[in-house]
Each structure stands twice: as structure tokens, then as C-alpha cells.
file work-v4.tsv (TSV, N, CA and C atoms and all ligand atoms)
chain	number	residue	atom	x	y	z
A	1	MET	N	9.44	39.96	42.85
A	1	MET	CA	9.99	38.60	42.72
A	1	MET	C	8.86	37.57	42.73
A	2	ALA	N	8.95	36.64	41.85
A	2	ALA	CA	7.97	35.55	41.85
A	2	ALA	C	8.19	34.70	43.09
A	3	ASP	N	7.11	34.39	43.79
A	3	ASP	CA	7.25	33.53	44.95
A	3	ASP	C	6.16	32.46	44.93
A	4	ILE	N	6.08	31.73	46.02
A	4	ILE	CA	5.14	30.61	46.06
A	4	ILE	C	3.70	31.08	45.90
A	5	SER	N	3.38	32.24	46.48
A	5	SER	CA	1.99	32.66	46.36
A	5	SER	C	1.65	33.09	44.93
A	6	SER	N	2.63	33.61	44.19
A	6	SER	CA	2.31	33.94	42.79
A	6	SER	C	2.08	32.66	41.99
A	7	MET	N	2.85	31.63	42.32
A	7	MET	CA	2.62	30.34	41.67
A	7	MET	C	1.23	29.80	42.03
A	8	ASN	N	0.90	29.87	43.32
A	8	ASN	CA	-0.40	29.36	43.75
A	8	ASN	C	-1.55	30.14	43.12
A	9	TYR	N	-1.35	31.45	42.97
A	9	TYR	CA	-2.38	32.25	42.32
A	9	TYR	C	-2.66	31.71	40.92
A	10	LEU	N	-1.59	31.49	40.18
A	10	LEU	CA	-1.75	31.01	38.80
A	10	LEU	C	-2.32	29.59	38.76
A	11	LEU	N	-1.90	28.77	39.71
A	11	LEU	CA	-2.45	27.41	39.79
A	11	LEU	C	-3.96	27.46	40.02
A	12	ARG	N	-4.35	28.35	40.93
A	12	ARG	CA	-5.78	28.43	41.24
A	12	ARG	C	-6.57	29.01	40.08
A	13	ARG	N	-5.94	29.80	39.27
A	13	ARG	CA	-6.63	30.32	38.11
A	13	ARG	C	-6.62	29.31	36.96
A	14	GLY	N	-6.11	28.13	37.22
A	14	GLY	CA	-6.22	27.04	36.26
A	14	GLY	C	-5.07	26.89	35.29
A	15	LEU	N	-3.96	27.57	35.55
A	15	LEU	CA	-2.84	27.43	34.65
A	15	LEU	C	-2.06	26.15	34.90
A	16	ALA	N	-1.53	25.61	33.83
A	16	ALA	CA	-0.72	24.41	33.95
A	16	ALA	C	0.66	24.79	34.48
A	17	ARG	N	1.30	23.83	35.15
A	17	ARG	CA	2.63	24.09	35.71
A	17	ARG	C	3.62	24.56	34.65
A	18	LYS	N	3.50	23.98	33.48
A	18	LYS	CA	4.40	24.32	32.39
A	18	LYS	C	4.26	25.80	32.01
A	19	GLU	N	3.00	26.25	31.96
A	19	GLU	CA	2.75	27.66	31.62
A	19	GLU	C	3.26	28.58	32.72
A	20	ILE	N	3.06	28.14	33.97
A	20	ILE	CA	3.50	28.96	35.10
A	20	ILE	C	5.01	29.12	35.09
A	21	SER	N	5.71	28.05	34.77
A	21	SER	CA	7.16	28.14	34.76
A	21	SER	C	7.63	29.12	33.69
A	22	LYS	N	6.94	29.15	32.56
A	22	LYS	CA	7.29	30.12	31.51
A	22	LYS	C	6.97	31.54	31.95
A	23	LEU	N	5.77	31.71	32.49
A	23	LEU	CA	5.31	33.05	32.86
A	23	LEU	C	6.14	33.67	33.97
A	24	LEU	N	6.49	32.87	34.96
A	24	LEU	CA	7.25	33.40	36.09
A	24	LEU	C	8.75	33.30	35.85
A	25	ASP	N	9.11	32.75	34.71
A	25	ASP	CA	10.51	32.58	34.36
A	25	ASP	C	11.25	31.77	35.43
A	26	LEU	N	10.64	30.67	35.82
A	26	LEU	CA	11.24	29.79	36.81
A	26	LEU	C	11.38	28.41	36.19
A	27	PRO	N	12.45	27.69	36.55
A	27	PRO	CA	12.57	26.33	36.01
A	27	PRO	C	11.42	25.46	36.49
A	28	SER	N	10.95	24.55	35.65
A	28	SER	CA	9.80	23.75	36.04
A	28	SER	C	10.12	22.87	37.24
A	29	ALA	N	11.40	22.58	37.45
A	29	ALA	CA	11.80	21.81	38.63
A	29	ALA	C	11.48	22.57	39.91
A	30	THR	N	11.65	23.90	39.87
A	30	THR	CA	11.34	24.73	41.04
A	30	THR	C	9.85	24.68	41.33
A	31	ILE	N	9.04	24.82	40.29
A	31	ILE	CA	7.59	24.76	40.44
A	31	ILE	C	7.19	23.43	41.07
A	32	LYS	N	7.78	22.38	40.56
A	32	LYS	CA	7.47	21.03	41.04
A	32	LYS	C	7.81	20.90	42.53
A	33	THR	N	8.99	21.39	42.89
A	33	THR	CA	9.43	21.32	44.28
A	33	THR	C	8.49	22.11	45.18
A	34	TRP	N	8.13	23.32	44.76
A	34	TRP	CA	7.22	24.14	45.56
A	34	TRP	C	5.88	23.45	45.76
A	35	CYS	N	5.35	22.89	44.68
A	35	CYS	CA	4.06	22.20	44.77
A	35	CYS	C	4.14	21.07	45.77
A	36	PHE	N	5.25	20.41	45.76
A	36	PHE	CA	5.44	19.24	46.62
A	36	PHE	C	5.67	19.65	48.07
A	37	ARG	N	6.51	20.65	48.27
A	37	ARG	CA	6.88	21.04	49.64
A	37	ARG	C	5.87	21.95	50.29
A	38	PHE	N	5.18	22.75	49.50
A	38	PHE	CA	4.20	23.68	50.06
A	38	PHE	C	2.86	23.49	49.38
A	39	PRO	N	2.20	22.38	49.64
A	39	PRO	CA	0.94	22.13	48.95
A	39	PRO	C	-0.08	23.24	49.24
A	40	ASP	N	-0.73	23.68	48.18
A	40	ASP	CA	-1.68	24.78	48.30
A	40	ASP	C	-3.01	24.28	48.86
A	41	ASN	N	-3.60	25.08	49.70
A	41	ASN	CA	-4.94	24.78	50.18
A	41	ASN	C	-5.88	25.84	49.64
A	42	GLU	N	-6.70	25.46	48.70
A	42	GLU	CA	-7.52	26.47	48.03
A	42	GLU	C	-8.69	26.96	48.87
A	43	ASN	N	-8.80	26.47	50.08
A	43	ASN	CA	-9.81	26.99	51.00
A	43	ASN	C	-9.26	28.08	51.90
A	44	THR	N	-8.04	28.51	51.62
A	44	THR	CA	-7.47	29.58	52.43
A	44	THR	C	-7.06	30.75	51.54
A	45	CYS	N	-7.04	31.93	52.16
A	45	CYS	CA	-6.66	33.16	51.46
A	45	CYS	C	-5.19	33.07	51.07
A	46	ILE	N	-4.91	33.44	49.83
A	46	ILE	CA	-3.55	33.31	49.34
A	46	ILE	C	-2.61	34.31	50.01
A	47	HIS	N	-3.19	35.37	50.56
A	47	HIS	CA	-2.36	36.38	51.22
A	47	HIS	C	-2.18	36.12	52.70
A	48	CYS	N	-3.26	35.99	53.46
A	48	CYS	CA	-3.13	35.90	54.91
A	48	CYS	C	-3.36	34.49	55.46
A	49	GLY	N	-3.85	33.58	54.63
A	49	GLY	CA	-4.04	32.21	55.08
A	49	GLY	C	-5.36	31.97	55.81
A	50	ALA	N	-6.19	33.01	55.91
A	50	ALA	CA	-7.48	32.84	56.58
A	50	ALA	C	-8.38	31.93	55.74
A	51	GLU	N	-9.25	31.23	56.43
A	51	GLU	CA	-10.14	30.31	55.72
A	51	GLU	C	-11.17	31.07	54.88
A	52	ILE	N	-11.44	30.53	53.72
A	52	ILE	CA	-12.43	31.15	52.83
A	52	ILE	C	-13.63	30.22	52.73
A	53	ALA	N	-14.82	30.79	52.91
A	53	ALA	CA	-16.03	29.99	52.70
A	53	ALA	C	-16.45	30.16	51.25
A	54	HIS	N	-16.23	29.13	50.46
A	54	HIS	CA	-16.61	29.21	49.05
A	54	HIS	C	-18.12	29.05	48.89
A	55	THR	N	-18.68	29.80	47.95
A	55	THR	CA	-20.09	29.64	47.65
A	55	THR	C	-20.24	28.54	46.61
A	56	PRO	N	-20.98	27.47	46.95
A	56	PRO	CA	-21.10	26.37	45.99
A	56	PRO	C	-21.66	26.85	44.65
A	57	GLY	N	-21.08	26.37	43.58
A	57	GLY	CA	-21.55	26.75	42.25
A	57	GLY	C	-20.96	28.04	41.73
A	58	LYS	N	-20.27	28.79	42.61
A	58	LYS	CA	-19.64	30.04	42.18
A	58	LYS	C	-18.15	29.83	42.03
A	59	LYS	N	-17.54	30.75	41.30
A	59	LYS	CA	-16.10	30.72	41.12
A	59	LYS	C	-15.43	30.79	42.48
A	60	LYS	N	-14.42	29.95	42.69
A	60	LYS	CA	-13.75	29.95	43.97
A	60	LYS	C	-12.97	31.24	44.19
A	61	ARG	N	-13.06	31.73	45.39
A	61	ARG	CA	-12.34	32.96	45.72
A	61	ARG	C	-10.89	32.64	46.05
A	62	ILE	N	-10.05	33.62	45.82
A	62	ILE	CA	-8.62	33.44	46.07
A	62	ILE	C	-8.20	34.22	47.30
A	63	PHE	N	-8.91	35.32	47.55
A	63	PHE	CA	-8.61	36.16	48.71
A	63	PHE	C	-9.81	36.19	49.65
A	64	CYS	N	-9.53	36.34	50.95
A	64	CYS	CA	-10.62	36.38	51.92
A	64	CYS	C	-11.33	37.72	51.87
A	65	SER	N	-10.63	38.75	51.44
A	65	SER	CA	-11.22	40.10	51.45
A	65	SER	C	-10.56	40.97	50.39
A	66	ASP	N	-11.20	42.11	50.11
A	66	ASP	CA	-10.62	43.05	49.16
A	66	ASP	C	-9.29	43.60	49.67
A	67	LYS	N	-9.22	43.75	50.98
A	67	LYS	CA	-8.00	44.28	51.58
A	67	LYS	C	-6.81	43.38	51.22
A	68	CYS	N	-6.99	42.07	51.41
A	68	CYS	CA	-5.93	41.12	51.10
A	68	CYS	C	-5.60	41.15	49.60
A	69	ARG	N	-6.64	41.25	48.80
A	69	ARG	CA	-6.43	41.25	47.35
A	69	ARG	C	-5.57	42.45	46.94
A	70	ILE	N	-5.87	43.62	47.50
A	70	ILE	CA	-5.14	44.84	47.14
A	70	ILE	C	-3.69	44.76	47.60
A	71	ILE	N	-3.50	44.33	48.86
A	71	ILE	CA	-2.14	44.23	49.40
A	71	ILE	C	-1.31	43.25	48.56
A	72	TRP	N	-1.95	42.11	48.26
A	72	TRP	CA	-1.23	41.06	47.54
A	72	TRP	C	-0.82	41.54	46.14
A	73	TRP	N	-1.73	42.19	45.46
A	73	TRP	CA	-1.41	42.66	44.10
A	73	TRP	C	-0.31	43.72	44.13
A	74	ARG	N	-0.28	44.51	45.22
A	74	ARG	CA	0.77	45.50	45.34
A	74	ARG	C	2.13	44.83	45.48
A	75	LYS	N	2.10	43.65	46.11
A	75	LYS	CA	3.37	42.93	46.31
A	75	LYS	C	3.78	42.12	45.10
A	76	HIS	N	2.89	41.93	44.17
A	76	HIS	CA	3.20	41.10	43.01
A	76	HIS	C	2.95	41.82	41.70
A	77	PRO	N	3.66	42.95	41.53
A	77	PRO	CA	3.43	43.71	40.28
A	77	PRO	C	3.81	42.90	39.05
A	78	GLU	N	4.70	41.92	39.22
A	78	GLU	CA	5.15	41.14	38.06
A	78	GLU	C	3.99	40.37	37.42
A	79	LEU	N	3.01	40.03	38.26
A	79	LEU	CA	1.87	39.30	37.69
A	79	LEU	C	0.96	40.21	36.89
A	80	MET	N	0.95	41.50	37.28
A	80	MET	CA	0.15	42.49	36.56
A	80	MET	C	0.67	42.64	35.14
A	81	GLN	N	1.98	42.49	35.01
A	81	GLN	CA	2.60	42.73	33.71
A	81	GLN	C	2.45	41.56	32.75
A	82	LEU	N	2.08	40.43	33.28
A	82	LEU	CA	1.91	39.28	32.41
A	82	LEU	C	0.73	39.52	31.49
A	83	LYS	N	0.90	39.10	30.29
A	83	LYS	CA	-0.21	39.29	29.37
A	83	LYS	C	-1.20	38.14	29.54
A	84	MET	N	-2.02	38.29	30.56
A	84	MET	CA	-2.98	37.25	30.85
A	84	MET	C	-4.33	37.61	30.25
A	85	VAL	N	-4.96	36.63	29.71
A	85	VAL	CA	-6.29	36.87	29.17
A	85	VAL	C	-7.24	35.81	29.71
A	86	GLU	N	-8.48	36.20	29.85
A	86	GLU	CA	-9.48	35.22	30.25
A	86	GLU	C	-10.02	34.58	29.00
A	87	LYS	N	-10.03	33.28	28.98
A	87	LYS	CA	-10.57	32.57	27.83
A	87	LYS	C	-11.73	31.71	28.28
A	88	GLU	N	-12.56	31.37	27.32
A	88	GLU	CA	-13.69	30.50	27.64
A	88	GLU	C	-13.36	29.10	27.16
A	89	CYS	N	-13.54	28.14	28.03
A	89	CYS	CA	-13.26	26.76	27.68
A	89	CYS	C	-14.19	26.32	26.54
A	90	ALA	N	-13.60	25.71	25.53
A	90	ALA	CA	-14.39	25.30	24.37
A	90	ALA	C	-15.33	24.15	24.69
A	91	HIS	N	-15.14	23.55	25.85
A	91	HIS	CA	-16.00	22.44	26.22
A	91	HIS	C	-17.03	22.80	27.29
A	92	CYS	N	-16.58	23.22	28.46
A	92	CYS	CA	-17.53	23.46	29.56
A	92	CYS	C	-17.94	24.92	29.69
A	93	LYS	N	-17.33	25.80	28.88
A	93	LYS	CA	-17.66	27.24	28.87
A	93	LYS	C	-17.28	27.98	30.14
A	94	GLU	N	-16.52	27.36	30.99
A	94	GLU	CA	-16.01	28.06	32.16
A	94	GLU	C	-14.88	28.96	31.69
A	95	THR	N	-14.70	30.10	32.37
A	95	THR	CA	-13.56	30.94	31.99
A	95	THR	C	-12.32	30.46	32.72
A	96	PHE	N	-11.21	30.56	32.05
A	96	PHE	CA	-9.94	30.24	32.68
A	96	PHE	C	-8.92	31.25	32.20
A	97	LEU	N	-7.82	31.33	32.97
A	97	LEU	CA	-6.79	32.30	32.67
A	97	LEU	C	-5.67	31.65	31.88
A	98	SER	N	-5.24	32.35	30.88
A	98	SER	CA	-4.14	31.83	30.10
A	98	SER	C	-3.33	33.01	29.60
A	99	TYR	N	-2.13	32.78	29.16
A	99	TYR	CA	-1.41	33.91	28.62
A	99	TYR	C	-1.75	34.08	27.15
A	100	ALA	N	-1.66	35.33	26.72
A	100	ALA	CA	-2.23	35.73	25.43
A	100	ALA	C	-1.76	34.87	24.26
A	101	SER	N	-0.50	34.49	24.27
A	101	SER	CA	0.03	33.77	23.12
A	101	SER	C	-0.29	32.28	23.13
A	102	SER	N	-0.86	31.81	24.25
A	102	SER	CA	-1.16	30.39	24.35
A	102	SER	C	-2.31	30.00	23.43
A	103	LYS	N	-2.19	28.80	22.88
A	103	LYS	CA	-3.25	28.34	22.00
A	103	LYS	C	-4.24	27.44	22.74
A	104	ARG	N	-4.14	27.47	24.05
A	104	ARG	CA	-4.99	26.61	24.85
A	104	ARG	C	-6.47	26.94	24.64
A	105	LYS	N	-7.29	25.92	24.49
A	105	LYS	CA	-8.72	26.12	24.26
A	105	LYS	C	-9.57	25.58	25.40
A	106	PHE	N	-8.96	24.77	26.23
A	106	PHE	CA	-9.74	24.10	27.27
A	106	PHE	C	-9.21	24.45	28.64
A	107	CYS	N	-10.11	24.44	29.64
A	107	CYS	CA	-9.71	24.79	30.99
A	107	CYS	C	-8.90	23.68	31.63
A	108	SER	N	-9.11	22.47	31.17
A	108	SER	CA	-8.44	21.35	31.80
A	108	SER	C	-8.23	20.21	30.82
A	109	ARG	N	-7.41	19.29	31.23
A	109	ARG	CA	-7.16	18.11	30.42
A	109	ARG	C	-8.44	17.29	30.24
A	110	THR	N	-9.23	17.26	31.32
A	110	THR	CA	-10.50	16.53	31.28
A	110	THR	C	-11.38	17.05	30.15
A	111	CYS	N	-11.50	18.37	30.06
A	111	CYS	CA	-12.33	18.96	29.02
A	111	CYS	C	-11.76	18.67	27.64
A	112	TYR	N	-10.46	18.71	27.55
A	112	TYR	CA	-9.81	18.43	26.28
A	112	TYR	C	-10.17	17.03	25.80
A	113	HIS	N	-10.07	16.07	26.71
A	113	HIS	CA	-10.39	14.69	26.35
A	113	HIS	C	-11.87	14.51	26.05
A	114	LYS	N	-12.70	15.15	26.86
A	114	LYS	CA	-14.14	15.02	26.66
A	114	LYS	C	-14.55	15.56	25.31
A	115	SER	N	-13.98	16.69	24.92
A	115	SER	CA	-14.38	17.28	23.65
A	115	SER	C	-13.89	16.42	22.48
A	116	LYS	N	-12.78	15.74	22.69
A	116	LYS	CA	-12.27	14.84	21.67
A	116	LYS	C	-13.24	13.69	21.43
A	117	HIS	N	-13.84	13.25	22.53
A	117	HIS	CA	-14.79	12.14	22.42
A	117	HIS	C	-16.20	12.62	22.13
A	118	LYS	N	-16.33	13.93	21.92
A	118	LYS	CA	-17.61	14.54	21.55
A	118	LYS	C	-18.73	14.17	22.51
A	119	GLU	N	-18.44	14.27	23.77
A	119	GLU	CA	-19.47	14.03	24.76
A	119	GLU	C	-20.23	15.31	25.02
A	120	ALA	N	-21.48	15.19	25.39
A	120	ALA	CA	-22.25	16.38	25.74
A	120	ALA	C	-21.72	16.93	27.05
A	121	PRO	N	-21.69	18.27	27.19
A	121	PRO	CA	-21.21	18.83	28.45
A	121	PRO	C	-22.05	18.33	29.62
A	122	ASN	N	-21.37	18.08	30.67
A	122	ASN	CA	-22.00	17.50	31.84
A	122	ASN	C	-22.54	18.61	32.75
A	123	ASP	N	-23.86	18.73	32.82
A	123	ASP	CA	-24.45	19.79	33.62
A	123	ASP	C	-24.33	19.55	35.11
A	124	GLY	N	-24.30	18.30	35.48
A	124	GLY	CA	-24.20	17.97	36.90
A	124	GLY	C	-22.84	18.28	37.47
A	125	LYS	N	-21.89	18.62	36.61
A	125	LYS	CA	-20.54	18.99	37.03
A	125	LYS	C	-19.91	17.95	37.94
A	126	LYS	N	-20.01	16.72	37.55
A	126	LYS	CA	-19.42	15.67	38.36
A	126	LYS	C	-17.96	15.52	37.99
A	127	GLU	N	-17.13	15.52	38.99
A	127	GLU	CA	-15.70	15.32	38.74
A	127	GLU	C	-15.47	13.81	38.77
A	128	SER	N	-14.95	13.27	37.69
A	128	SER	CA	-14.78	11.82	37.68
A	128	SER	C	-13.53	11.43	38.44
B	201	ZN	ZN	-6.76	37.24	53.58
B	202	ZN	ZN	-13.61	23.14	30.59

call {"tool": "encode", "arguments": {"input": "work-v4.tsv", "output": "C-alpha cells", "more": "lines below"}}
Ligand SMILES: [Zn+2]
Ligand SMILES: [Zn+2]
result
Amino acid sequence: MADISSMNYLLRRGLARKEISKLLDLPSATIKTWCFRFPDNENTCIHCGAEIAHTPGKKKRIFCSDKCRIIWWRKHPELMQLKMVEKECAHCKETFLSYASSKRKFCSRTCYHKSKHKEAPNDGKKES
């Protein structure tokens, strides 16, 4: 069954709420409510809630340990079945997760807008 942690997993992998609602077959109103009522803290393990020390400049971790990752995936086989592919953002070259049929080219709205304005990629990685 899709639950809040499966939604949070997809959110942390950079998926838009709209895509998540399609993938998990949940109404977007449910996703919205969950986001609002159970705000995700990306500094904690999605399985056990333990704090995660992120390494600056590295991809953020989702699980505190391999143990949590294995247990969590066992509980969420539905996510394994999703046709998820890693894509490279056409602007910042970061990888992001998307479903195979999606035509998404950018990891975020920011990148989408930046590429439209033909700005050079920002190496300093400043979030505006
Ligand atoms: Zn954990
Ligand atoms: Zn990007």
C-alpha cells in the first residue's frame, strides 16, 4: 500500500506532486493533505526517523543505514514496480528520478526557467 513514506521517498527524489499522485494512484488532494499534515524532514531517515548527517556537496541520503533501506524497500514493493528511470537534468546535470514515460527534462522548475533564459549553469549552487 502506498503510504506517507512512499510519497516522501518520491518527493525526496525530486518528483513533482502531480507525478507522485499518478505513480501511487492517489488523488492529488491526498498528496496535498499529507504534505501539509505530515511535513517531511529530509534530515531524518525515511524509515526509522533517525537523524542523517548529510555530506555537503553529495547527494542527500534518504536512509540512515543499509538496514533501514532494505527493510523499507521490503515494505514498499509497489515502488519497485514503478517504471522509474534516472534522468540527467538538461540544465544543471544533476540526476533526478522520473517515470519512464515522462517527458520531463529538468530536475526542477528553477532549472526549467533558467534554461529558458539561457543562463550559464551556476557552479556556486546558490539557491535563490
Ligand atoms: Zn533509519
Ligand atoms: Zn537541474

call {"tool": "atom_distance", "arguments": {"input": "work-v4.tsv", "atom1": "atom N of Ser28 in chain A", "atom2": "atom C of Ser5 in chain A"}}
result
15.7 Å

call {"tool": "residues_around", "arguments": {"input": "work-v4.tsv", "residues": "Arg61 in chain A", "least_positions_apart": "4", "cutoff": "8 Å", "atoms": "all atoms listed in the file", "output": "list in words"}}
result
Glu42, Asn43, Thr44, Cys45, Ile46, Ile52, Ala53, His54 and Thr55 of chain A

call {"tool": "select_by_dssp", "arguments": {"input": "work-v4.tsv", "residues": "range 3-85 of chain A", "states": "alpha helix (DSSP H)", "output": "number ranges by chain"}}
result
A: 4-12, 17-23, 28-37, 66-75, 77-81

call {"tool": "residues_around", "arguments": {"input": "work-v4.tsv", "residues": "Trp34 in chain A", "least_positions_apart": "5", "cutoff": "7 Å", "atoms": "only N, CA and C atoms", "output": "list in words"}}
result
Ile4, Ala29 and Pro39 of chain A

call {"tool": "closest_atom_pairs", "arguments": {"input": "work-v4.tsv", "of": "chain A", "to": "ligand ZN 201 (chain B)", "cutoff": "7 Å", "atoms": "only C-alpha atoms and all ligand atoms", "output": "JSON lines"}}
result
{"residue": "A:Cys45", "atom": "CA", "partner": "B:ZN201", "partner_atom": "ZN", "distance": 4.6}
{"residue": "A:Ile46", "atom": "CA", "partner": "B:ZN201", "partner_atom": "ZN", "distance": 6.6}
{"residue": "A:His47", "atom": "CA", "partner": "B:ZN201", "partner_atom": "ZN", "distance": 5.1}
{"residue": "A:Cys48", "atom": "CA", "partner": "B:ZN201", "partner_atom": "ZN", "distance": 4.1}
{"residue": "A:Gly49", "atom": "CA", "partner": "B:ZN201", "partner_atom": "ZN", "distance": 5.9}
{"residue": "A:Ala50", "atom": "CA", "partner": "B:ZN201", "partner_atom": "ZN", "distance": 5.4}
{"residue": "A:Phe63", "atom": "CA", "partner": "B:ZN201", "partner_atom": "ZN", "distance": 5.3}
{"residue": "A:Cys64", "atom": "CA", "partner": "B:ZN201", "partner_atom": "ZN", "distance": 4.3}
{"residue": "A:Ser65", "atom": "CA", "partner": "B:ZN201", "partner_atom": "ZN", "distance": 5.7}
{"residue": "A:Cys68", "atom": "CA", "partner": "B:ZN201", "partner_atom": "ZN", "distance": 4.7}

call {"tool": "residues_near_ligand", "arguments": {"input": "work-v4.tsv", "ligand": "ligand ZN 202 (chain B)", "cutoff": "6 Å", "atoms": "all atoms listed in the file", "output": "VMD selection string"}}
result
chain A and resid 89 to 94 106 to 108 111

call {"tool": "axis_aligned_box", "arguments": {"input": "work-v4.tsv", "around": "range 89-98 of chain A", "padding_each_side": "3 Å", "output": "AutoDock Vina command-line options"}}
result
--center_x -10.6 --center_y 27.7 --center_z 28.7 --size_x 20.6 --size_y 16.6 --size_z 14.6

call {"tool": "atom_distance", "arguments": {"input": "work-v4.tsv", "atom1": "atom C of Arg12 in chain A", "atom2": "CA of Met84 in chain A"}}
result
12.9 Å

call {"tool": "select_by_dssp", "arguments": {"input": "work-v4.tsv", "residues": "range 21-126 of chain A", "states": "strand (DSSP E)", "output": "PyMOL selection string"}}
result
chain A and resi 84-88+95-99

call {"tool": "write_last_selection", "arguments": {"input": "work-v4.tsv", "atoms": "N, CA and C atoms", "output": "mmCIF file, in the coordinates of the input"}}
result
data_model
loop_
_atom_site.group_PDB
_atom_site.id
_atom_site.type_symbol
_atom_site.label_atom_id
_atom_site.label_comp_id
_atom_site.auth_asym_id
_atom_site.auth_seq_id
_atom_site.Cartn_x
_atom_site.Cartn_y
_atom_site.Cartn_z
ATOM 1 N N MET A 84 -2.020 38.290 30.560
ATOM 2 C CA MET A 84 -2.980 37.250 30.850
ATOM 3 C C MET A 84 -4.330 37.610 30.250
ATOM 4 N N VAL A 85 -4.960 36.630 29.710
ATOM 5 C CA VAL A 85 -6.290 36.870 29.170
ATOM 6 C C VAL A 85 -7.240 35.810 29.710
ATOM 7 N N GLU A 86 -8.480 36.200 29.850
ATOM 8 C CA GLU A 86 -9.480 35.220 30.250
ATOM 9 C C GLU A 86 -10.020 34.580 29.000
ATOM 10 N N LYS A 87 -10.030 33.280 28.980
ATOM 11 C CA LYS A 87 -10.570 32.570 27.830
ATOM 12 C C LYS A 87 -11.730 31.710 28.280
ATOM 13 N N GLU A 88 -12.560 31.370 27.320
ATOM 14 C CA GLU A 88 -13.690 30.500 27.640
ATOM 15 C C GLU A 88 -13.360 29.100 27.160
ATOM 16 N N THR A 95 -14.700 30.100 32.370
ATOM 17 C CA THR A 95 -13.560 30.940 31.990
ATOM 18 C C THR A 95 -12.320 30.460 32.720
ATOM 19 N N PHE A 96 -11.210 30.560 32.050
ATOM 20 C CA PHE A 96 -9.940 30.240 32.680
ATOM 21 C C PHE A 96 -8.920 31.250 32.200
ATOM 22 N N LEU A 97 -7.820 31.330 32.970
ATOM 23 C CA LEU A 97 -6.790 32.300 32.670
ATOM 24 C C LEU A 97 -5.670 31.650 31.880
ATOM 25 N N SER A 98 -5.240 32.350 30.880
ATOM 26 C CA SER A 98 -4.140 31.830 30.100
ATOM 27 C C SER A 98 -3.330 33.010 29.600
ATOM 28 N N TYR A 99 -2.130 32.780 29.160
ATOM 29 C CA TYR A 99 -1.410 33.910 28.620
ATOM 30 C C TYR A 99 -1.750 34.080 27.150
#

call {"tool": "residues_around", "arguments": {"input": "work-v4.tsv", "residues": "Tyr99 in chain A", "least_positions_apart": "2", "cutoff": "7 Å", "atoms": "only C-alpha atoms", "output": "NGL selection string"}}
result
:A and (83-85 or 97 or 101-102)

call {"tool": "decode", "arguments": {"input": "work-v4.tsv", "residues": "range 26-42 of chain A", "atoms": "N, CA and C atoms", "output": "compact mmCIF listing (two decimals), in the first residue's frame"}}
result
# COMPACT_ATOMS: atom_id res chain seq x y z
N LEU A 26 -2.94 7.91 -6.30
CA LEU A 26 -3.63 8.59 -5.22
C LEU A 26 -4.12 9.93 -5.73
N PRO A 27 -5.29 10.37 -5.25
CA PRO A 27 -5.75 11.70 -5.69
C PRO A 27 -4.78 12.78 -5.24
N SER A 28 -4.59 13.80 -6.05
CA SER A 28 -3.62 14.83 -5.69
C SER A 28 -4.02 15.55 -4.41
N ALA A 29 -5.32 15.53 -4.10
CA ALA A 29 -5.78 16.14 -2.84
C ALA A 29 -5.19 15.40 -1.64
N THR A 30 -5.07 14.08 -1.75
CA THR A 30 -4.49 13.28 -0.67
C THR A 30 -3.03 13.65 -0.48
N ILE A 31 -2.30 13.75 -1.58
CA ILE A 31 -0.88 14.12 -1.52
C ILE A 31 -0.73 15.48 -0.84
N LYS A 32 -1.59 16.39 -1.23
CA LYS A 32 -1.54 17.75 -0.69
C LYS A 32 -1.78 17.73 0.82
N THR A 33 -2.79 16.96 1.23
CA THR A 33 -3.11 16.86 2.65
C THR A 33 -1.95 16.26 3.43
N TRP A 34 -1.37 15.19 2.90
CA TRP A 34 -0.24 14.55 3.58
C TRP A 34 0.93 15.52 3.74
N CYS A 35 1.22 16.23 2.66
CA CYS A 35 2.34 17.19 2.71
C CYS A 35 2.10 18.22 3.79
N PHE A 36 0.87 18.62 3.90
CA PHE A 36 0.50 19.67 4.84
C PHE A 36 0.49 19.15 6.27
N ARG A 37 -0.10 17.97 6.47
CA ARG A 37 -0.26 17.45 7.82
C ARG A 37 0.98 16.76 8.35
N PHE A 38 1.76 16.17 7.45
CA PHE A 38 2.96 15.46 7.89
C PHE A 38 4.17 15.97 7.13
N PRO A 39 4.59 17.19 7.42
CA PRO A 39 5.70 17.75 6.66
C PRO A 39 6.96 16.88 6.80
N ASP A 40 7.60 16.66 5.67
CA ASP A 40 8.77 15.79 5.65
C ASP A 40 10.00 16.54 6.15
N ASN A 41 10.83 15.86 6.89
CA ASN A 41 12.10 16.42 7.30
C ASN A 41 13.20 15.62 6.62
N GLU A 42 13.84 16.23 5.65
CA GLU A 42 14.80 15.46 4.87
C GLU A 42 16.11 15.20 5.59
